[in-house]
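Novice: This one is entry_1.cif, mmCIF, C-alpha atoms.
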```
data_query
loop_
_atom_site.label_atom_id
_atom_site.label_comp_id
_atom_site.auth_asym_id
_atom_site.auth_seq_id
_atom_site.Cartn_x
_atom_site.Cartn_y
_atom_site.Cartn_z
CA MET A 1 48.89 -68.72 -26.23
CA VAL A 2 49.02 -65.16 -27.08
CA LYS A 3 48.58 -64.35 -30.81
CA PRO A 4 51.29 -62.04 -31.82
CA SER A 5 50.24 -58.65 -33.04
CA ALA A 6 51.09 -57.23 -36.36
CA SER A 7 53.57 -54.89 -34.83
CA SER A 8 55.48 -57.73 -33.23
CA LEU A 9 55.89 -59.37 -36.63
CA SER A 10 57.50 -56.39 -38.24
CA GLY A 11 60.95 -57.57 -37.56
CA LEU A 12 60.37 -61.08 -38.94
CA HIS A 13 61.55 -62.41 -42.31
CA GLU A 14 58.42 -62.84 -44.42
CA LEU A 15 58.20 -65.49 -47.01
CA PRO A 16 56.22 -65.24 -50.26
CA ALA A 17 52.70 -66.47 -50.05
CA SER A 18 53.37 -69.30 -52.44
CA PHE A 19 56.34 -71.12 -53.88
CA SER A 20 56.78 -72.68 -57.30
CA GLY A 21 59.50 -74.56 -59.03
CA ALA A 22 59.16 -72.30 -62.14
CA SER A 23 60.79 -68.90 -62.37
CA SER A 24 58.56 -65.95 -62.13
CA PRO A 25 57.73 -64.18 -65.52
CA LEU A 26 59.85 -61.10 -66.23
CA VAL A 27 58.12 -57.85 -66.86
CA PRO A 28 59.53 -56.42 -70.22
CA LYS A 29 61.41 -53.19 -69.98
CA PRO A 30 60.30 -50.31 -72.27
CA ARG A 31 62.06 -50.54 -75.76
CA SER A 32 64.56 -47.77 -76.62
CA GLY A 33 63.42 -45.33 -79.59
CA LYS A 34 66.98 -44.63 -80.78
CA ARG A 35 67.24 -47.50 -83.24
CA ALA A 36 63.83 -46.82 -84.76
CA LEU A 37 64.65 -43.19 -85.28
CA THR A 38 67.89 -44.14 -86.97
CA LEU A 39 66.10 -46.40 -89.39
CA ILE A 40 63.52 -43.74 -90.18
CA PHE A 41 66.16 -41.07 -90.61
CA GLY A 42 68.18 -43.32 -92.87
CA SER A 43 65.16 -43.99 -95.00
CA LEU A 44 64.41 -40.31 -95.22
CA VAL A 45 67.99 -39.58 -96.23
CA VAL A 46 67.83 -42.13 -99.01
CA ILE A 47 64.50 -40.82 -100.20
CA GLY A 48 65.70 -37.24 -99.94
CA ALA A 49 68.83 -38.03 -101.89
CA GLY A 50 66.76 -39.63 -104.61
CA VAL A 51 64.42 -36.67 -104.72
CA ALA A 52 67.34 -34.25 -104.78
CA THR A 53 68.97 -36.18 -107.61
CA HIS A 54 65.75 -36.21 -109.59
CA VAL A 55 65.13 -32.51 -109.00
CA GLY A 56 68.72 -31.64 -109.80
CA ALA A 57 68.63 -33.69 -112.98
CA ASN A 58 65.41 -31.99 -114.07
CA LEU A 59 66.70 -28.50 -113.33
CA GLY A 60 70.02 -29.22 -114.98
CA TYR A 61 68.26 -30.58 -118.05
CA ASP A 62 65.99 -27.53 -118.22
CA ASP A 63 68.99 -25.19 -118.04
CA SER A 64 70.89 -27.14 -120.71
CA ARG A 65 67.89 -27.24 -123.01
CA ALA A 66 67.24 -23.52 -122.58
CA ALA A 67 70.92 -22.78 -123.29
CA TYR A 68 70.81 -25.01 -126.39
CA GLU A 69 67.66 -23.38 -127.73
CA LEU A 70 69.13 -19.92 -127.20
CA SER A 71 72.37 -20.93 -128.92
CA VAL A 72 70.45 -22.38 -131.86
CA ALA A 73 68.22 -19.31 -132.11
CA GLU A 74 71.26 -17.03 -132.30
CA ALA A 75 72.94 -19.28 -134.86
CA GLU A 76 69.81 -19.47 -137.00
CA GLN A 77 69.51 -15.70 -136.95
CA THR A 78 73.08 -15.43 -138.26
CA GLN A 79 72.28 -18.18 -140.77
CA ASN A 80 69.28 -16.21 -142.02
CA ALA A 81 71.56 -13.23 -142.58
CA LEU A 82 73.89 -15.53 -144.49
CA SER A 83 71.00 -16.72 -146.66
CA GLY A 84 70.15 -13.11 -147.40
CA GLU A 85 73.76 -12.42 -148.37
CA ILE A 86 73.75 -15.46 -150.63
CA ALA A 87 70.64 -14.14 -152.38
CA VAL A 88 72.26 -10.72 -152.83
CA ILE A 89 75.53 -11.99 -154.29
CA THR A 90 73.70 -14.49 -156.48
CA ARG A 91 71.75 -11.62 -158.04
CA THR A 92 74.82 -9.42 -158.31
CA VAL A 93 76.80 -12.12 -160.10
CA ALA A 94 73.86 -12.83 -162.42
CA ASN A 95 73.57 -9.12 -163.23
CA ALA A 96 77.30 -8.90 -163.83
CA GLU A 97 77.08 -11.81 -166.25
CA ARG A 98 74.21 -10.08 -168.05
CA ALA A 99 76.28 -6.92 -168.30
CA LEU A 100 79.17 -8.88 -169.79
CA ALA A 101 76.84 -10.60 -172.22
CA ALA A 102 75.47 -7.21 -173.35
CA ASP A 103 78.96 -5.83 -173.99
CA ASP A 104 79.50 -5.55 -177.75
CA GLY A 105 82.83 -3.81 -177.37
CA LEU A 106 81.32 -0.57 -178.64
CA LEU A 107 81.44 1.51 -175.47
CA ALA A 108 82.88 -0.27 -172.43
CA SER A 109 86.62 -0.74 -172.22
CA ALA A 110 88.18 -4.17 -172.57
CA ASP A 111 90.08 -3.65 -169.30
CA GLY A 112 86.83 -2.94 -167.47
CA ALA A 113 85.24 -6.05 -168.93
CA ASP A 114 88.21 -8.19 -167.89
CA ALA A 115 88.15 -6.82 -164.33
CA LEU A 116 84.43 -7.50 -164.05
CA SER A 117 84.81 -11.01 -165.42
CA ARG A 118 87.49 -11.84 -162.86
CA ALA A 119 85.49 -10.41 -159.98
CA ALA A 120 82.37 -12.32 -161.02
CA LEU A 121 84.34 -15.57 -161.31
CA LEU A 122 85.88 -15.18 -157.85
CA ALA A 123 82.51 -14.32 -156.36
CA ALA A 124 81.00 -17.44 -157.88
CA GLU A 125 83.76 -19.50 -156.28
CA VAL A 126 83.17 -17.93 -152.85
CA LEU A 127 79.46 -18.55 -153.26
CA GLY A 128 80.10 -22.19 -154.06
CA GLU A 129 82.25 -22.58 -150.94
CA HIS A 130 79.66 -21.21 -148.55
CA ALA A 131 76.31 -22.07 -150.13
CA GLY A 132 76.10 -25.35 -148.20
CA LEU A 133 76.11 -23.54 -144.85
CA ALA A 134 72.71 -22.08 -145.62
CA ARG A 135 71.30 -25.60 -145.77
CA HIS A 136 72.69 -26.65 -142.38
CA SER A 137 70.02 -27.69 -139.88
CA PHE A 138 70.17 -28.12 -136.12
CA PRO A 139 68.75 -31.23 -134.38
CA LYS A 140 65.47 -30.88 -132.55
CA PRO A 141 65.65 -32.16 -128.92
CA ASP A 142 63.66 -35.28 -128.11
CA PRO A 143 60.93 -35.09 -125.47
CA LYS A 144 62.24 -34.68 -121.94
CA PRO A 145 63.25 -38.03 -120.38
CA ASP A 146 61.81 -39.27 -117.07
CA TRP A 147 64.71 -40.93 -115.30
CA PRO A 148 67.61 -39.04 -113.75
CA TRP A 149 70.28 -41.06 -115.55
CA GLU A 150 68.55 -40.31 -118.86
CA LEU A 151 68.31 -36.63 -117.94
CA PHE A 152 72.01 -36.46 -117.11
CA SER A 153 72.95 -38.21 -120.36
CA THR A 154 70.74 -35.95 -122.47
CA MET A 155 72.02 -32.90 -120.58
CA LYS A 156 75.58 -33.69 -121.71
CA GLN A 157 74.40 -34.11 -125.29
CA LEU A 158 72.59 -30.74 -125.20
CA ASP A 159 75.68 -29.02 -123.81
CA ASP A 160 77.79 -30.48 -126.66
CA GLU A 161 75.24 -29.40 -129.25
CA SER A 162 75.14 -25.90 -127.75
CA GLU A 163 78.88 -25.63 -128.29
CA GLU A 164 78.47 -26.88 -131.87
CA ALA A 165 75.73 -24.29 -132.50
CA ALA A 166 78.06 -21.56 -131.23
CA VAL A 167 80.77 -22.80 -133.60
CA MET A 168 78.29 -22.76 -136.51
CA ASP A 169 77.20 -19.26 -135.56
CA LYS A 170 80.78 -18.06 -136.03
CA ALA A 171 81.05 -19.98 -139.30
CA PHE A 172 77.87 -18.33 -140.61
CA ALA A 173 79.17 -14.89 -139.67
CA ALA A 174 82.56 -15.49 -141.30
CA ALA A 175 80.90 -16.75 -144.49
CA SER A 176 78.66 -13.69 -144.59
CA ASP A 177 81.72 -11.45 -144.34
CA ASP A 178 83.41 -13.32 -147.20
CA LEU A 179 80.32 -13.08 -149.38
CA GLN A 180 79.83 -9.40 -148.60
CA ALA A 181 83.42 -8.64 -149.59
CA ALA A 182 83.04 -10.62 -152.83
CA ASP A 183 79.74 -8.91 -153.59
CA ASP A 184 81.33 -5.49 -153.04
CA ASP A 185 84.14 -6.38 -155.44
CA VAL A 186 81.72 -7.47 -158.17
CA ALA A 187 79.46 -4.44 -157.70
CA GLU A 188 82.41 -2.05 -157.81
CA ALA A 189 83.89 -3.65 -160.93
CA ALA A 190 80.46 -3.66 -162.59
CA PHE A 191 79.86 -0.02 -161.76
CA VAL A 192 83.23 0.97 -163.21
CA HIS A 193 82.41 -1.07 -166.30
CA VAL A 194 78.97 0.40 -167.00
CA SER A 195 79.71 3.97 -165.93
CA GLY A 196 82.75 3.91 -168.20
CA ALA A 197 80.47 3.01 -171.07
CA ALA A 198 78.23 5.98 -170.26
CA THR A 199 81.24 8.29 -170.27
CA ALA A 200 82.42 6.90 -173.61
CA SER A 201 79.04 7.52 -175.28
CA SER A 202 79.82 11.12 -176.24
CA ALA A 203 82.94 10.16 -178.18
CA PHE A 204 81.04 7.27 -179.71
CA GLU A 205 78.28 9.58 -180.93
CA ALA A 206 80.82 11.98 -182.42
CA ALA A 207 82.39 9.09 -184.30
CA HIS A 208 79.07 8.02 -185.83
CA LEU A 209 77.41 11.19 -187.06
CA SER A 210 75.57 9.43 -189.86
CA ALA A 211 73.52 7.34 -187.41
CA ARG A 212 69.83 8.20 -187.35
CA ASN A 213 68.59 10.77 -184.85
CA LYS A 214 66.33 8.34 -183.05
CA ASP A 215 69.19 6.03 -182.19
CA ILE A 216 71.40 8.93 -181.12
CA ILE A 217 68.66 10.23 -178.85
CA ASP A 218 68.20 6.75 -177.36
CA LEU A 219 71.95 6.62 -176.71
CA ARG A 220 71.94 10.01 -175.00
CA ARG A 221 69.00 9.19 -172.79
CA ALA A 222 70.45 5.85 -171.74
CA ALA A 223 73.82 7.46 -171.03
CA GLU A 224 72.19 10.21 -168.99
CA GLU A 225 70.17 7.69 -166.99
CA LEU A 226 73.23 5.57 -166.36
CA ALA A 227 75.38 8.55 -165.42
CA GLY A 228 72.92 9.36 -162.65
CA ARG A 229 73.52 6.02 -160.94
CA THR A 230 75.88 5.78 -157.98
CA SER A 231 76.05 2.00 -157.70
CA PHE A 232 75.51 -1.14 -159.73
CA ASP A 233 71.95 -2.36 -159.27
CA ASP A 234 69.06 -3.58 -161.42
CA HIS A 235 68.41 -0.07 -162.74
CA ALA A 236 72.06 0.44 -163.65
CA LEU A 237 72.08 -2.89 -165.45
CA GLU A 238 68.96 -2.10 -167.46
CA GLY A 239 70.37 1.33 -168.28
CA TYR A 240 73.59 -0.23 -169.50
CA ILE A 241 71.76 -2.76 -171.66
CA ALA A 242 69.69 0.07 -173.16
CA LEU A 243 72.90 2.01 -173.81
CA GLU A 244 74.54 -0.91 -175.58
CA ASP A 245 71.38 -1.54 -177.58
CA ALA A 246 71.31 2.08 -178.68
CA ALA A 247 74.97 1.94 -179.68
CA ALA A 248 74.33 -1.18 -181.74
CA ALA A 249 71.31 0.50 -183.35
CA MET A 250 73.48 3.50 -184.20
CA ILE A 251 75.99 1.25 -185.93
CA ALA A 252 73.21 -0.39 -187.91
CA SER A 253 71.48 2.85 -188.92
CA GLU A 254 74.78 4.48 -189.82
CA ALA A 255 75.60 1.57 -192.07
CA ALA A 256 72.19 1.88 -193.72
CA GLU A 257 72.62 5.64 -194.21
CA ILE A 258 76.08 5.23 -195.69
CA ALA A 259 74.77 2.55 -198.04
CA GLU A 260 72.08 4.98 -199.25
CA LYS A 261 74.66 7.67 -199.93
CA GLN A 262 76.94 5.44 -201.97
CA GLY A 263 77.67 6.46 -205.53
CA PRO A 264 79.70 9.06 -207.40
CA LEU A 265 78.47 11.85 -205.08
CA TYR A 266 79.17 9.99 -201.82
CA ASP A 267 82.10 12.06 -200.57
CA THR A 268 80.44 15.32 -201.60
CA ARG A 269 77.22 14.40 -199.80
CA LEU A 270 79.20 13.90 -196.61
CA GLU A 271 80.83 17.33 -197.12
CA VAL A 272 77.40 18.95 -197.48
CA GLU A 273 76.13 17.26 -194.32
CA ALA A 274 79.20 18.33 -192.35
CA PHE A 275 78.69 21.90 -193.58
CA ALA A 276 75.05 21.87 -192.47
CA ARG A 277 75.98 20.57 -189.01
CA SER A 278 78.62 23.28 -188.66
CA LEU A 279 75.94 25.96 -189.12
CA ALA A 280 73.81 24.62 -186.26
CA PRO A 281 76.09 22.97 -183.71
CA GLY A 282 74.21 20.88 -181.21
CA VAL A 283 71.19 20.30 -183.47
CA LEU A 284 70.69 16.69 -184.47
CA LEU A 285 70.29 16.45 -188.24
CA ASP A 286 69.25 13.54 -190.41
CA PHE A 287 69.72 13.76 -194.19
CA ASP A 288 67.97 12.13 -197.10
CA TRP A 289 69.15 12.47 -200.69
CA SER A 290 66.93 12.14 -203.74
CA PRO A 291 67.06 13.07 -207.40
CA ILE A 292 63.82 15.04 -206.99
CA VAL A 293 62.46 17.00 -203.99
CA ASN A 294 59.24 19.03 -204.26
CA GLY A 295 59.37 18.63 -208.04
CA TYR A 296 62.87 20.13 -208.39
CA GLY A 297 66.22 18.59 -209.14
CA TYR A 298 66.09 18.29 -212.89
CA SER A 299 68.79 19.95 -214.94
CA ASP A 300 70.50 22.54 -212.77
CA SER A 301 67.57 23.07 -210.40
CA MET A 302 67.86 22.13 -206.75
CA ALA A 303 65.61 21.96 -203.74
CA GLY A 304 65.43 21.01 -200.10
CA TYR A 305 62.81 20.24 -197.49
CA ALA A 306 63.15 20.38 -193.71
CA THR A 307 61.06 18.83 -190.96
CA TRP A 308 61.85 19.51 -187.31
CA TRP A 309 60.65 18.37 -183.94
CA TYR A 310 60.77 20.44 -180.78
CA GLY A 311 61.82 18.54 -177.72
CA ASP A 312 64.78 17.60 -175.57
CA PRO A 313 66.73 17.32 -177.65
CA GLY A 314 65.09 18.90 -180.67
CA HIS A 315 66.03 17.36 -183.97
CA ALA A 316 65.37 17.71 -187.68
CA ASN A 317 65.45 15.94 -191.00
CA ILE A 318 66.68 17.65 -194.17
CA GLU A 319 65.96 16.33 -197.65
CA LEU A 320 68.20 17.53 -200.48
CA THR A 321 68.36 16.92 -204.18
CA ASP A 322 71.39 15.23 -205.65
CA SER A 323 71.98 18.44 -207.61
CA VAL A 324 72.93 20.25 -204.39
CA ALA A 325 75.91 17.90 -204.14
CA ALA A 326 76.53 18.03 -207.87
CA TYR A 327 77.01 21.83 -207.74
CA TRP A 328 78.86 21.83 -204.44
CA PRO A 329 80.60 23.94 -203.16
CA GLY A 330 78.87 26.61 -205.20
CA GLU A 331 77.29 29.56 -203.37
CA ARG A 332 73.87 28.55 -204.59
CA SER A 333 74.18 25.11 -202.95
CA LYS A 334 75.49 26.61 -199.70
CA SER A 335 72.70 29.22 -199.54
CA LEU A 336 70.01 26.60 -200.13
CA VAL A 337 71.48 24.38 -197.40
CA ALA A 338 71.62 27.41 -195.07
CA HIS A 339 67.91 28.04 -195.68
CA GLU A 340 67.03 24.44 -194.71
CA VAL A 341 69.24 24.64 -191.63
CA GLY A 342 67.38 27.86 -190.77
CA HIS A 343 64.27 25.71 -190.43
CA ALA A 344 66.08 23.04 -188.46
CA ILE A 345 67.60 25.44 -185.94
CA SER A 346 64.10 26.46 -184.90
CA VAL A 347 64.39 23.72 -182.30
CA LYS A 348 66.89 25.94 -180.45
CA CYS A 349 64.94 29.17 -180.94
CA GLN A 350 61.33 28.25 -180.29
CA GLY A 351 59.12 31.28 -179.78
CA MET A 352 61.32 33.71 -181.72
CA TYR A 353 58.90 33.79 -184.66
CA ASP A 354 55.36 32.76 -185.54
CA ASP A 355 55.74 29.12 -186.51
CA SER A 356 52.01 28.74 -187.09
CA ASN A 357 52.19 30.80 -190.31
CA GLN A 358 53.76 29.10 -193.32
CA ASN A 359 54.79 32.38 -194.95
CA THR A 360 56.51 33.52 -191.76
CA ILE A 361 58.18 30.12 -191.42
CA GLU A 362 59.79 30.47 -194.86
CA HIS A 363 60.73 34.09 -194.27
CA TRP A 364 62.38 33.06 -191.02
CA ALA A 365 64.56 30.44 -192.74
CA THR A 366 65.51 32.94 -195.41
CA ALA A 367 66.25 35.62 -192.80
CA TRP A 368 68.39 33.19 -190.84
CA ALA A 369 70.43 32.27 -193.96
CA ILE A 370 70.95 35.98 -194.67
CA SER A 371 71.98 36.58 -191.03
CA MET A 372 74.60 33.86 -191.48
CA GLY A 373 76.01 35.67 -194.57
CA PHE A 374 74.47 33.66 -197.40
CA HIS A 375 73.08 36.07 -199.97
CA SER A 376 72.51 33.94 -203.04
CA ALA A 377 68.85 33.99 -204.12
CA ALA A 378 68.82 30.27 -203.35
CA ASN A 379 68.69 31.27 -199.68
CA GLY A 380 64.92 31.45 -200.13
CA THR A 381 64.61 34.94 -201.54
CA SER A 382 63.90 33.69 -205.06
CA ALA A 383 61.13 31.39 -203.86
CA TYR A 384 59.57 33.41 -200.99
CA GLY A 385 60.75 36.96 -201.48
CA PRO A 386 63.00 39.03 -199.20
CA PRO A 387 62.22 38.78 -195.47
CA PRO A 388 61.58 41.89 -193.33
CA GLN A 389 64.59 43.39 -191.63
CA ASP A 390 63.18 42.88 -188.14
CA LEU A 391 63.02 39.16 -188.81
CA ILE A 392 66.63 39.16 -190.02
CA ASP A 393 67.57 40.94 -186.79
CA ALA A 394 65.66 38.40 -184.75
CA ALA A 395 67.24 35.51 -186.64
CA SER A 396 70.67 36.95 -185.84
CA GLY A 397 70.00 36.03 -182.21
CA CYS A 398 69.38 32.38 -183.00
CA ARG A 399 72.59 30.38 -182.99
#
```
What does the file become when written as C-alpha cells?
Specialist:
Amino acid sequence: MVKPSASSLSGLHELPASFSGASSPLVPKPRSGKRALTLIFGSLVVIGAGVATHVGANLGYDDSRAAYELSVAEAEQTQNALSGEIAVITRTVANAERALAADDGLLASADGADALSRAALLAAEVLGEHAGLARHSFPKPDPKPDWPWELFSTMKQLDDESEEAAVMDKAFAAASDDLQAADDDVAEAAFVHVSGAATASSAFEAAHLSARNKDIIDLRRAAEELAGRTSFDDHALEGYIALEDAAAAMIASEAAEIAEKQGPLYDTRLEVEAFARSLAPGVLLDFDWSPIVNGYGYSDSMAGYATWWYGDPGHANIELTDSVAAYWPGERSKSLVAHEVGHAISVKCQGMYDDSNQNTIEHWATAWAISMGFHSAANGTSAYGPPPQDLIDAASGCR
C-alpha cells in the first residue's frame, strides 16, 4: 500500500487531534476603557466641583470681609469726627453757661442774654439726641470658618453688616452737621452777648465816675482785650468774666466812695470833683476828702495833695480839705484845685518839665493853673512863689 504524501492530503477534511465532551475554554476579549474613563472623569468632576465650591466660598468670604472692614473703617472715621464735634459743642455750651452765670446785668443787654440762653438750651437738646451715636460699636468678625456652607452663611452676614455700617456712616455725618450748626448758633449768640458788653463799657464808666481808678482801669483793659476778639472762645469768655468782675468792683468802690463823701458837703464835693475832671479830660482822678491835709484845713485855710502815676492810662489821686468844698465856688478854691490838677495832668505831658526836682514840680503845677486862667494866690504862688514865664508857656501846651 502506498502511504499517501502530505500533498495528497491537502484536500482532505482534517479532524482535531482529540475530542472531548466539554466545551473548549473561551479566550477573554480585551476589556473596553470607555467605562473606566467615565467613572474617573465623573469622580474628577465631583472633586473639582467641591474644590471650586470651597475656593469660591473662601474668595467670596475674603471679599465680603474686606468690604465690611473697609465700610467699618470709613464709618469709624466719621464717628471719630462726630466725637470731636461733641467735645467742641460740649465745651461751647459750658462756656456759654459760664458767660450767662457771670452776667450781673451791668453791661450785657437782656436781649443778648435771652438769645444766648435759648441757643445754649437748643444746643444741649441736639447734643442729647446725638450723644449716643458716639458710643455705637461695630461687631468684630469671628475667625474665618472652614466649611463652605459656613463661609456662605457668614458671607451673607458680613454683607448685611457692611450695609448697616454704611447707614451708620451717614447717620454720623448727619449728626455732625446738626451739632456743628448748633455750635455755630451758640458761639454766634455768645459772641454778640460778650462783645456787646465790651461796647457798653464806655457808657458804664461814664455813669460811674466815682469808682476807684484801679477798677476803671481793669474795666478798660478787659474791654479792650474783649474787643480784640473775633469769635467766642476760651479767651473771650475769660475776658468777659474779667470785664463783669471789673464792673462789679466799680459798683462796689463807687458805693464806698459815695459813702465817704456823705454829709452836709456831699453835693459840693461832687461839684468840685466834676470841675477838676473838666480841667483835665481823659485823666483818671480819684479824690479823698479830709478835714486836714498837710497840716492845713483849720479855720479858713485849705490845702491839697496830688499823687500821680505815669502809665497807660496814667492816673492820679487828689486829696482835698473839706474847707475847699466849704468855700466853693470861690476863686481861691478853684485856683487850689487847678494847682492840684496841674500835678495830675503830668501823666499826659511827661517830659515837658523836670519832674525829678520838687521845686520845679510845684512851679509846674502853679504855671499850669496860671495858664488855665486861675490867678488867685491859692494857685500855688503864695506857697511856692511865681513860676518862670517859660514854664507857664510850656504848661500852656499841656492839655
Novice: Tell me, in Å to one decimal, how far CA of Leu59 in chain A is from CA of Met168 in chain A.
Specialist: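 Atom-to-atom, CA of Leu59 in chain A and CA of Met168 in chain A are spaced 26.5 Å apart.
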Novice: For Asp142 in chain A, work out the shell of residues within 10 Å, counting all atoms listed in the file and skipping chain neighbours fewer than 3 positions away, then give it as a count of residues only.
Specialist: 3
Novice: Just the residues within 8 Å of Ala236 in chain A, please, counting all atoms listed in the file, with nothing from its chain fewer than 4 positions along; format it as a list in words.
Specialist: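 Listed by chain and then number, they are Val194, Leu226, Arg229, Ser231, Phe232 and Tyr240 of chain A.
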Novice: Store the residues picked out above, limited to C-alpha atoms, as a compact mmCIF listing (two decimals), in the coordinates of the input.
Specialist:
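Everything below was put into out-v6.txt:
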```
# COMPACT_ATOMS: atom_id res chain seq x y z
CA VAL A 194 78.97 0.40 -167.00
CA LEU A 226 73.23 5.57 -166.36
CA ARG A 229 73.52 6.02 -160.94
CA SER A 231 76.05 2.00 -157.70
CA PHE A 232 75.51 -1.14 -159.73
CA TYR A 240 73.59 -0.23 -169.50
```
Novice: Could you pull out every residue with an atom within 9 Å of (75.5, -2.0, -165.7), file coordinates, counting all atoms listed in the file, and send them as an MDAnalysis selection string?
Specialist: chainID A and resid 95:96 98:100 190:195 197 226 231:241
Novice: Apply the PyMOL selection byres ((chain A and resi 324) around 9) to the file shown and report the selected residues as a VMD selection string.
Specialist: chain A and resid 269 272 297 301 to 304 320 to 323 325 to 330 332 to 334 336 to 337
Novice: If you apply the PyMOL selection byres ((chain A and resi 276) around 9) to this file, what residues do you get, as a list in words?
Specialist: Glu271, Val272, Glu273, Ala274, Phe275, Arg277, Ser278, Leu279, Ala280, Pro281, Leu285, Lys334, Val337, Ala338, Glu340 and Val341 of chain A
Novice: Using the chain letters and numbers from this file, what does the PyMOL selection byres ((chain A and resi 210) around 7) select? Give the answer as a list in words.
Specialist: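 Applying the PyMOL selection byres ((chain A and resi 210) around 7) to the structure shown produces His208, Leu209, Ala211, Arg212, Glu254 and Glu257 of chain A.
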Novice: For each of A:Ala166, A:Ala57, A:Ile258, A:Ala187, take the minimum atom-to-atom distance to Val93 in chain A, counting only C-alpha atoms, then give the residue where this is smallest.
Specialist: A:Ala187
